[in-house]
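Enquirer: Sharing run-v9.pdb (PDB, C-alpha atoms, pLDDT in the B column) below.
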ATOM      1  CA  MET J 241       5.735   7.294  13.019  1.00 88.00           C
ATOM      2  CA  PRO J 242       2.603   5.196  12.414  1.00 92.00           C
ATOM      3  CA  GLU J 243       2.556   1.444  12.930  1.00 94.00           C
ATOM      4  CA  LEU J 244       1.812  -0.827   9.935  1.00 95.00           C
ATOM      5  CA  LEU J 245      -0.826  -3.529  10.341  1.00 96.00           C
ATOM      6  CA  TYR J 246      -0.913  -6.142   7.580  1.00 97.00           C
ATOM      7  CA  THR J 247      -4.093  -7.982   6.621  1.00 97.00           C
ATOM      8  CA  PRO J 248      -3.883 -11.711   5.820  1.00 98.00           C
ATOM      9  CA  LYS J 249      -4.870 -10.859   2.233  1.00 97.00           C
ATOM     10  CA  PHE J 250      -1.905  -8.497   1.880  1.00 98.00           C
ATOM     11  CA  ILE J 251       0.491 -11.100   3.293  1.00 98.00           C
ATOM     12  CA  ARG J 252      -0.776 -13.765   0.842  1.00 98.00           C
ATOM     13  CA  GLN J 253      -0.435 -11.376  -2.105  1.00 97.00           C
ATOM     14  CA  TRP J 254       3.028 -10.210  -0.981  1.00 98.00           C
ATOM     15  CA  LYS J 255       4.323 -13.791  -0.685  1.00 98.00           C
ATOM     16  CA  LYS J 256       3.338 -14.446  -4.318  1.00 97.00           C
ATOM     17  CA  LEU J 257       5.497 -11.562  -5.595  1.00 97.00           C
ATOM     18  CA  GLU J 258       9.029 -11.985  -6.909  1.00 97.00           C
ATOM     19  CA  PRO J 259      11.740 -11.293  -4.272  1.00 97.00           C
ATOM     20  CA  ASP J 260      12.846  -8.076  -6.004  1.00 97.00           C
ATOM     21  CA  LEU J 261       9.283  -6.792  -6.039  1.00 97.00           C
ATOM     22  CA  GLN J 262       8.822  -7.785  -2.378  1.00 98.00           C
ATOM     23  CA  GLU J 263      11.793  -5.553  -1.567  1.00 98.00           C
ATOM     24  CA  GLU J 264      10.256  -2.678  -3.547  1.00 97.00           C
ATOM     25  CA  VAL J 265       7.007  -3.074  -1.596  1.00 97.00           C
ATOM     26  CA  GLU J 266       8.908  -3.061   1.705  1.00 97.00           C
ATOM     27  CA  ALA J 267      10.797   0.085   0.672  1.00 97.00           C
ATOM     28  CA  CYS J 268       7.548   1.773  -0.354  1.00 96.00           C
ATOM     29  CA  LEU J 269       5.937   0.960   2.998  1.00 97.00           C
ATOM     30  CA  ALA J 270       9.000   2.240   4.855  1.00 96.00           C
ATOM     31  CA  GLU J 271       8.752   5.529   2.957  1.00 96.00           C
ATOM     32  CA  LEU J 272       5.017   5.679   3.653  1.00 95.00           C
ATOM     33  CA  ARG J 273       5.736   5.411   7.388  1.00 94.00           C
ATOM     34  CA  LYS J 274       8.527   8.018   7.301  1.00 94.00           C
ATOM     35  CA  ASN J 275       7.069  10.582   4.934  1.00 91.00           C
ATOM     36  CA  PRO J 276       3.460  10.027   3.805  1.00 87.00           C
ATOM     37  CA  LYS J 277       3.498  13.276   1.831  1.00 87.00           C
ATOM     38  CA  LEU J 278       6.337  12.108  -0.429  1.00 91.00           C
ATOM     39  CA  ALA J 279       5.300  12.871  -4.007  1.00 94.00           C
ATOM     40  CA  SER J 280       6.914   9.727  -5.471  1.00 92.00           C
ATOM     41  CA  LEU J 281       4.419   7.567  -3.538  1.00 96.00           C
ATOM     42  CA  LYS J 282       1.574   9.118  -5.574  1.00 95.00           C
ATOM     43  CA  ILE J 283      -0.896   8.654  -2.728  1.00 96.00           C
ATOM     44  CA  HIS J 284      -4.481   9.210  -3.754  1.00 95.00           C
ATOM     45  CA  LYS J 285      -7.994   8.566  -2.479  1.00 96.00           C
ATOM     46  CA  LEU J 286      -9.941   5.810  -4.174  1.00 96.00           C
ATOM     47  CA  THR J 287     -13.501   6.068  -5.448  1.00 95.00           C
ATOM     48  CA  GLY J 288     -16.300   3.664  -6.242  1.00 94.00           C
ATOM     49  CA  PRO J 289     -16.374   0.403  -4.272  1.00 94.00           C
ATOM     50  CA  LEU J 290     -13.027   1.299  -2.641  1.00 95.00           C
ATOM     51  CA  LYS J 291     -14.161   4.733  -1.490  1.00 95.00           C
ATOM     52  CA  GLY J 292     -12.588   5.564   1.859  1.00 94.00           C
ATOM     53  CA  PHE J 293      -9.336   3.766   1.096  1.00 97.00           C
ATOM     54  CA  LEU J 294      -6.047   5.133  -0.209  1.00 97.00           C
ATOM     55  CA  SER J 295      -3.559   3.842  -2.742  1.00 97.00           C
ATOM     56  CA  CYS J 296       0.140   4.430  -3.279  1.00 97.00           C
ATOM     57  CA  SER J 297       2.475   3.436  -6.086  1.00 96.00           C
ATOM     58  CA  VAL J 298       5.202   0.862  -5.584  1.00 96.00           C
ATOM     59  CA  ASN J 299       6.327   1.305  -9.181  1.00 95.00           C
ATOM     60  CA  TYR J 300       4.708   1.994 -12.539  1.00 93.00           C
ATOM     61  CA  ARG J 301       2.683  -1.233 -12.386  1.00 95.00           C
ATOM     62  CA  TYR J 302       2.099  -2.162  -8.729  1.00 97.00           C
ATOM     63  CA  ARG J 303      -0.033  -0.469  -6.074  1.00 97.00           C
ATOM     64  CA  ILE J 304      -0.693  -0.833  -2.364  1.00 97.00           C
ATOM     65  CA  ILE J 305      -4.177  -0.226  -0.988  1.00 98.00           C
ATOM     66  CA  PHE J 306      -4.317   0.933   2.601  1.00 97.00           C
ATOM     67  CA  GLU J 307      -6.533   2.583   5.173  1.00 96.00           C
ATOM     68  CA  TRP J 308      -5.359   5.368   7.457  1.00 92.00           C
ATOM     69  CA  ASP J 309      -8.172   6.476   9.751  1.00 86.00           C
ATOM     70  CA  ASN J 310      -6.016   6.553  12.867  1.00 88.00           C
ATOM     71  CA  PRO J 311      -2.844   8.711  12.671  1.00 89.00           C
ATOM     72  CA  LYS J 312      -0.937   6.045  14.622  1.00 93.00           C
ATOM     73  CA  VAL J 313      -1.912   3.018  12.479  1.00 94.00           C
ATOM     74  CA  ILE J 314      -1.833   2.289   8.747  1.00 95.00           C
ATOM     75  CA  ALA J 315      -3.806  -0.827   7.787  1.00 97.00           C
ATOM     76  CA  VAL J 316      -2.178  -2.333   4.691  1.00 97.00           C
ATOM     77  CA  LEU J 317      -4.961  -4.144   2.831  1.00 97.00           C
ATOM     78  CA  SER J 318      -3.609  -5.435  -0.478  1.00 97.00           C
ATOM     79  CA  VAL J 319      -0.874  -5.208  -3.082  1.00 97.00           C
ATOM     80  CA  GLY J 320      -0.864  -5.952  -6.786  1.00 96.00           C
ATOM     81  CA  ASP J 321      -1.088  -4.560 -10.283  1.00 94.00           C
ATOM     82  CA  HIS J 322      -4.110  -2.513 -11.367  1.00 83.00           C
ATOM     83  CA  ASP J 323      -6.331  -5.593 -10.899  1.00 87.00           C
ATOM     84  CA  VAL J 324      -5.954  -4.987  -7.162  1.00 87.00           C
ATOM     85  CA  TYR J 325      -8.649  -2.322  -7.566  1.00 86.00           C
ATOM     86  CA  ARG J 326     -11.238  -4.944  -8.545  1.00 82.00           C
TER      87      ARG J 326
END
Using C-alpha coordinates, write down the structure that the file contains.
Expert:
Amino acid sequence: MPELLYTPKFIRQWKKLEPDLQEEVEACLAELRKNPKLASLKIHKLTGPLKGFLSCSVNYRYRIIFEWDNPKVIAVLSVGDHDVYR
(Lines of atoms letter the chains of each structure in order from A and count residues from 1; the text may use other names and numbers.)
(Lines give C-alpha, C1' and ligand atoms only; values in the text may rest on other atoms or scores of the structure.)
Protein backbone atom coordinates (compact mmCIF):
# COMPACT_ATOMS: atom_id res chain seq x y z
CA MET A 1 0.00 0.00 0.00
CA PRO A 2 1.49 3.38 -0.96
CA GLU A 3 2.38 6.01 1.62
CA LEU A 4 0.59 9.40 1.49
CA LEU A 5 2.71 12.55 1.62
CA TYR A 6 0.79 15.77 2.24
CA THR A 7 1.99 19.13 0.95
CA PRO A 8 1.65 22.19 3.20
CA LYS A 9 -0.85 23.60 0.68
CA PHE A 10 -3.06 20.53 1.02
CA ILE A 11 -2.94 20.70 4.82
CA ARG A 12 -3.94 24.41 4.80
CA GLN A 13 -6.83 23.73 2.41
CA TRP A 14 -7.97 20.66 4.39
CA LYS A 15 -8.04 22.60 7.68
CA LYS A 16 -10.40 25.17 6.11
CA LEU A 17 -12.98 22.50 5.23
CA GLU A 18 -15.99 21.67 7.39
CA PRO A 19 -15.41 18.67 9.72
CA ASP A 20 -17.83 16.46 7.76
CA LEU A 21 -16.01 17.24 4.52
CA GLN A 22 -12.63 16.61 6.19
CA GLU A 23 -13.88 13.12 7.04
CA GLU A 24 -14.98 12.57 3.43
CA VAL A 25 -11.52 13.60 2.22
CA GLU A 26 -9.87 11.22 4.69
CA ALA A 27 -12.14 8.38 3.55
CA CYS A 28 -11.36 9.14 -0.10
CA LEU A 29 -7.61 9.07 0.57
CA ALA A 30 -7.95 5.80 2.47
CA GLU A 31 -9.75 4.27 -0.51
CA LEU A 32 -7.11 5.67 -2.86
CA ARG A 33 -4.41 3.89 -0.84
CA LYS A 34 -6.34 0.59 -0.68
CA ASN A 35 -7.77 0.41 -4.18
CA PRO A 36 -6.61 3.09 -6.65
CA LYS A 37 -8.63 1.48 -9.45
CA LEU A 38 -11.94 1.97 -7.61
CA ALA A 39 -14.39 3.47 -10.11
CA SER A 40 -16.13 5.69 -7.53
CA LEU A 41 -12.90 7.69 -7.10
CA LYS A 42 -13.16 8.80 -10.75
CA ILE A 43 -9.39 9.11 -11.07
CA HIS A 44 -8.30 10.90 -14.21
CA LYS A 45 -5.21 12.54 -15.68
CA LEU A 46 -5.20 16.31 -15.82
CA THR A 47 -4.29 18.42 -18.84
CA GLY A 48 -3.10 21.95 -19.45
CA PRO A 49 -1.06 23.58 -16.68
CA LEU A 50 -1.70 20.55 -14.42
CA LYS A 51 -0.51 18.01 -16.98
CA GLY A 52 1.26 15.15 -15.24
CA PHE A 53 -0.97 15.25 -12.17
CA LEU A 54 -4.04 13.18 -11.33
CA SER A 55 -7.36 14.05 -9.75
CA CYS A 56 -9.93 12.04 -7.85
CA SER A 57 -13.43 12.87 -6.66
CA VAL A 58 -14.24 13.26 -2.99
CA ASN A 59 -17.88 13.96 -3.84
CA TYR A 60 -19.81 15.70 -6.59
CA ARG A 61 -18.18 19.06 -5.81
CA TYR A 62 -14.75 18.44 -4.26
CA ARG A 63 -11.57 17.04 -5.82
CA ILE A 64 -8.11 16.01 -4.67
CA ILE A 65 -5.10 16.65 -6.90
CA PHE A 66 -2.21 14.28 -6.43
CA GLU A 67 0.95 12.99 -8.04
CA TRP A 68 1.85 9.31 -8.22
CA ASP A 69 5.17 8.85 -9.99
CA ASN A 70 6.52 6.37 -7.45
CA PRO A 71 4.34 3.28 -6.79
CA LYS A 72 5.19 3.50 -3.08
CA VAL A 73 4.32 7.20 -2.56
CA ILE A 74 1.29 9.35 -3.40
CA ALA A 75 1.97 13.08 -3.06
CA VAL A 76 -1.31 14.78 -2.12
CA LEU A 77 -1.08 18.32 -3.50
CA SER A 78 -4.40 20.08 -2.96
CA VAL A 79 -8.09 19.72 -2.23
CA GLY A 80 -11.06 21.90 -3.09
CA ASP A 81 -13.97 22.49 -5.42
CA HIS A 82 -13.41 22.89 -9.16
CA ASP A 83 -11.43 26.10 -8.49
CA VAL A 84 -8.64 23.82 -7.27
CA TYR A 85 -7.77 23.30 -10.94
CA ARG A 86 -6.83 26.98 -11.34
Enquirer: Go through J:Cys296, J:Lys255, J:Lys291, J:Thr247 one by one, measure the shortest atom-to-atom distance of each to J:Leu269 using only C-alpha atoms, and give the residue with the smallest value.
Expert: J:Cys296
Enquirer: Rounded to one decimal, what separation in Å do you get between atom CA of J:Leu281 and atom CA of J:Ser295?
Expert: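 Result for atom CA of J:Leu281 versus atom CA of J:Ser295: 8.8 Å, one decimal.
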Enquirer: Could you put an axis-aligned box around every listed atom of stretch 259-276 of chain J, padded by 8 Å on each side, and send me its centre and edge lengths in Å to one decimal, as JSON?
Expert:
{"center_x": 8.2, "center_y": -0.4, "center_z": 0.7, "size_x": 25.4, "size_y": 37.9, "size_z": 29.4}
Enquirer: Rounded to one decimal in Å, what is the spacing between atom CA of J:Ile305 and atom CA of J:Phe293?
Expert: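 One can read the atom CA of J:Ile305 to atom CA of J:Phe293 distance as 6.8 Å.
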Enquirer: Please report the interatomic distance between atom CA of J:Gln253 and atom CA of J:Lys285 in Å with one decimal.
Expert: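 Taking atom CA of J:Gln253 and atom CA of J:Lys285, their separation equals 21.3 Å.
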Enquirer: Let me know the residues the PyMOL selection byres ((chain J and resi 314) around 10) catches in the file above, as a PyMOL selection string.
Expert: chain J and resi 242-246+269+272-273+306-313+315-317
Enquirer: Could you dump the residues just selected with C-alpha atoms as a PDB file, in the frame of the given file?
Expert:
ATOM      1  CA  PRO J 242       2.603   5.196  12.414  1.00 92.00           C
ATOM      2  CA  GLU J 243       2.556   1.444  12.930  1.00 94.00           C
ATOM      3  CA  LEU J 244       1.812  -0.827   9.935  1.00 95.00           C
ATOM      4  CA  LEU J 245      -0.826  -3.529  10.341  1.00 96.00           C
ATOM      5  CA  TYR J 246      -0.913  -6.142   7.580  1.00 97.00           C
ATOM      6  CA  LEU J 269       5.937   0.960   2.998  1.00 97.00           C
ATOM      7  CA  LEU J 272       5.017   5.679   3.653  1.00 95.00           C
ATOM      8  CA  ARG J 273       5.736   5.411   7.388  1.00 94.00           C
ATOM      9  CA  PHE J 306      -4.317   0.933   2.601  1.00 97.00           C
ATOM     10  CA  GLU J 307      -6.533   2.583   5.173  1.00 96.00           C
ATOM     11  CA  TRP J 308      -5.359   5.368   7.457  1.00 92.00           C
ATOM     12  CA  ASP J 309      -8.172   6.476   9.751  1.00 86.00           C
ATOM     13  CA  ASN J 310      -6.016   6.553  12.867  1.00 88.00           C
ATOM     14  CA  PRO J 311      -2.844   8.711  12.671  1.00 89.00           C
ATOM     15  CA  LYS J 312      -0.937   6.045  14.622  1.00 93.00           C
ATOM     16  CA  VAL J 313      -1.912   3.018  12.479  1.00 94.00           C
ATOM     17  CA  ALA J 315      -3.806  -0.827   7.787  1.00 97.00           C
ATOM     18  CA  VAL J 316      -2.178  -2.333   4.691  1.00 97.00           C
ATOM     19  CA  LEU J 317      -4.961  -4.144   2.831  1.00 97.00           C
TER      20      LEU J 317
END
Enquirer: Quick one: apply the PyMOL selection byres ((chain J and resi 257-264) around 12) to the file and drop the selected residues here as a list in words.
Expert: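 Applying the expression gives Phe250, Ile251, Arg252, Gln253, Trp254, Lys255, Lys256, Val265, Glu266, Ala267, Cys268, Leu269, Ala270, Glu271, Leu281, Ser297, Val298, Asn299, Tyr300, Arg301, Tyr302, Arg303, Ile304, Val319, Gly320 and Asp321 of chain J.
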Enquirer: Selected residues, C-alpha atoms, written as a JSON list (two decimals), in the frame of the given file, please.
Expert:
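Okay, result-v2.json is ready:
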[["chain", "number", "residue", "atom", "x", "y", "z"],
["J", 250, "PHE", "CA", -1.90, -8.50, 1.88],
["J", 251, "ILE", "CA", 0.49, -11.10, 3.29],
["J", 252, "ARG", "CA", -0.78, -13.76, 0.84],
["J", 253, "GLN", "CA", -0.44, -11.38, -2.10],
["J", 254, "TRP", "CA", 3.03, -10.21, -0.98],
["J", 255, "LYS", "CA", 4.32, -13.79, -0.68],
["J", 256, "LYS", "CA", 3.34, -14.45, -4.32],
["J", 265, "VAL", "CA", 7.01, -3.07, -1.60],
["J", 266, "GLU", "CA", 8.91, -3.06, 1.70],
["J", 267, "ALA", "CA", 10.80, 0.08, 0.67],
["J", 268, "CYS", "CA", 7.55, 1.77, -0.35],
["J", 269, "LEU", "CA", 5.94, 0.96, 3.00],
["J", 270, "ALA", "CA", 9.00, 2.24, 4.86],
["J", 271, "GLU", "CA", 8.75, 5.53, 2.96],
["J", 281, "LEU", "CA", 4.42, 7.57, -3.54],
["J", 297, "SER", "CA", 2.48, 3.44, -6.09],
["J", 298, "VAL", "CA", 5.20, 0.86, -5.58],
["J", 299, "ASN", "CA", 6.33, 1.30, -9.18],
["J", 300, "TYR", "CA", 4.71, 1.99, -12.54],
["J", 301, "ARG", "CA", 2.68, -1.23, -12.39],
["J", 302, "TYR", "CA", 2.10, -2.16, -8.73],
["J", 303, "ARG", "CA", -0.03, -0.47, -6.07],
["J", 304, "ILE", "CA", -0.69, -0.83, -2.36],
["J", 319, "VAL", "CA", -0.87, -5.21, -3.08],
["J", 320, "GLY", "CA", -0.86, -5.95, -6.79],
["J", 321, "ASP", "CA", -1.09, -4.56, -10.28]]
Enquirer: Using all atoms listed in the file, which residue out of J:Leu294, J:Asp323, J:Ser318, J:Met241 lies closest to J:Lys274?
Expert: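 Checking each candidate against J:Lys274, we get J:Met241 as the closest.
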Enquirer: Which is closest to J:Arg326 among J:Gly288, J:Asn275, J:Ile283, J:Lys249, if we use only C-alpha atoms?
Expert: J:Gly288
